[in-house]
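In what follows, a single structure is set out as structure tokens and then discussed.
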Amino acid sequence: MSSLQILALLSGLAGLGATIAATVSNEWRATSRASSVITATWVLQGLWNNCAGNAIGALHCRPHHTIFKLEGYIQACRGLMISAICLGFFGSTFALVGMKCTKIGGTDKNKARIACFAGVNFLLSGICSLSSCSLYAHRITSEFFDPMFVAQKYELGAALFIGWSGSILCILGGTMLCFSIAGSFTKSRSQANYIYKGTASHISSYPRGQAKPVTQSPPPDYRNSSRMQHFDKNVYV
């Protein structure tokens, strides 16, 4: 089970890193080359910046100056990605405490509970990241295939695929952490049953109402001891 927990922690950390990379990336969507007349320039948009680049390699980015003029889905994606990062961080911290190979966390039962809580955090982190990327991708595809949409059309950017990969890794890590604690609870339950059965069999070996016989040594013979003391005195005299 320790190797499973280590694998789960590595998967969760990799998912957290991919989530952070997708959040700060500026390539959530890129201009469609099919609908663009000038293919030497392109536009990249992310959650925080709008960037324009050309074939020479120059890239100029401009941040979103205000959040009040942003569309609602962008703000929702921001909140979901920030929540995913926070949950992934807490999941990594609690996973280190709840792993069996660490010296902190208390008893095995307490460490199992902490590991389960870390797994739930990883699961929620993956769900938040998955929801954010899927919401953004749905907006892009709905605009791209809408014949009535006459503005600039965009395609899926690389950040969306990175975010999807990170969410899958977080979900896998959380699932493995939750399943890794099953052995701890099974072990503690078997020990409790063993103690109970042992006590019950020890009590049931005697009939009800019959006390356990106590072996008592016979009382000492004081007459013999007094005779021996008198004999010793006569010998020394």
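Residue numbers start at 1 in each chain; chains themselves are named A, B, ... in the order of the structure tokens; ligands are numbered from 1 in the order shown.
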*asked:* Run DSSP on the backbone and tell me which residues of region 27-153 of chain A come out as strand (DSSP E or B); list them as JSON, numbers by chain.
replied: {"A": [29, 30, 31, 41, 42, 43, 44, 45, 49, 50, 51, 52, 53, 54, 59, 60, 61, 62, 63]}
Counting only C-alpha atoms, which residues of region 24-104 of chain A sit at most 6 Å from some atom of region 111-135 of chain A, and what is each one's closest atom pair with its distance in Å to one decimal, listed by chain and rising residue number, as a tab-separated table?
```
residue	atom	partner	partner_atom	distance
A:Cys77	CA	A:Ser132	CA	4.7
A:Leu80	CA	A:Cys128	CA	5.3
A:Met81	CA	A:Ser129	CA	5.5
A:Ala84	CA	A:Ser125	CA	4.1
A:Leu87	CA	A:Ser125	CA	5.2
A:Gly88	CA	A:Phe122	CA	5.5
A:Gly91	CA	A:Ala118	CA	4.2
A:Phe94	CA	A:Ala118	CA	5.2
A:Ala95	CA	A:Ala118	CA	5.2
A:Gly98	CA	A:Lys111	CA	4.2
```
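Among the candidates A:Ala137, A:Ile171, A:Gln5, A:Val97, the one nearest to Leu156 (chain A) when counting only C-alpha atoms is A:Ala137.
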*Contacts of Cys170 (chain A) at 6 Å or less, counting only C-alpha atoms, minus same-chain residues fewer than 2 places along, as an MDAnalysis selection string?*
chainID A and resid 12 15 122 126 167:168 172:173
Let's have the selection written as a PDB file, in the first residue's frame, with N, CA, C and O atoms.
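New file out_22.pdb:
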```
ATOM      1  N   GLY A  12      -0.657  13.078  -8.242  1.00  0.00           N
ATOM      2  CA  GLY A  12      -1.289  14.322  -7.823  1.00  0.00           C
ATOM      3  C   GLY A  12      -0.382  15.528  -7.999  1.00  0.00           C
ATOM      4  O   GLY A  12      -0.837  16.602  -8.421  1.00  0.00           O
ATOM      5  N   GLY A  15      -0.269  16.336 -11.664  1.00  0.00           N
ATOM      6  CA  GLY A  15      -1.505  17.004 -12.037  1.00  0.00           C
ATOM      7  C   GLY A  15      -1.565  18.437 -11.553  1.00  0.00           C
ATOM      8  O   GLY A  15      -2.041  19.325 -12.270  1.00  0.00           O
ATOM      9  N   PHE A 122      -7.648  15.990  -3.920  1.00  0.00           N
ATOM     10  CA  PHE A 122      -7.171  15.774  -5.293  1.00  0.00           C
ATOM     11  C   PHE A 122      -8.332  15.551  -6.259  1.00  0.00           C
ATOM     12  O   PHE A 122      -8.317  16.046  -7.398  1.00  0.00           O
ATOM     13  N   GLY A 126      -9.162  17.954  -9.448  1.00  0.00           N
ATOM     14  CA  GLY A 126      -9.317  17.490 -10.828  1.00  0.00           C
ATOM     15  C   GLY A 126     -10.660  17.843 -11.427  1.00  0.00           C
ATOM     16  O   GLY A 126     -10.755  18.204 -12.607  1.00  0.00           O
ATOM     17  N   SER A 167      -6.017  17.462 -14.874  1.00  0.00           N
ATOM     18  CA  SER A 167      -7.218  17.056 -14.137  1.00  0.00           C
ATOM     19  C   SER A 167      -7.324  15.538 -14.056  1.00  0.00           C
ATOM     20  O   SER A 167      -7.707  14.986 -13.016  1.00  0.00           O
ATOM     21  N   ILE A 168      -6.978  14.846 -15.138  1.00  0.00           N
ATOM     22  CA  ILE A 168      -7.024  13.382 -15.121  1.00  0.00           C
ATOM     23  C   ILE A 168      -6.003  12.824 -14.135  1.00  0.00           C
ATOM     24  O   ILE A 168      -6.289  11.879 -13.378  1.00  0.00           O
ATOM     25  N   LEU A 172      -6.873  10.574 -10.834  1.00  0.00           N
ATOM     26  CA  LEU A 172      -6.251   9.268 -10.620  1.00  0.00           C
ATOM     27  C   LEU A 172      -5.522   9.211  -9.279  1.00  0.00           C
ATOM     28  O   LEU A 172      -5.630   8.224  -8.541  1.00  0.00           O
ATOM     29  N   GLY A 173      -4.780  10.277  -8.957  1.00  0.00           N
ATOM     30  CA  GLY A 173      -4.082  10.305  -7.677  1.00  0.00           C
ATOM     31  C   GLY A 173      -5.033  10.272  -6.499  1.00  0.00           C
ATOM     32  O   GLY A 173      -4.803   9.557  -5.508  1.00  0.00           O
TER      33      GLY A 173
END
```
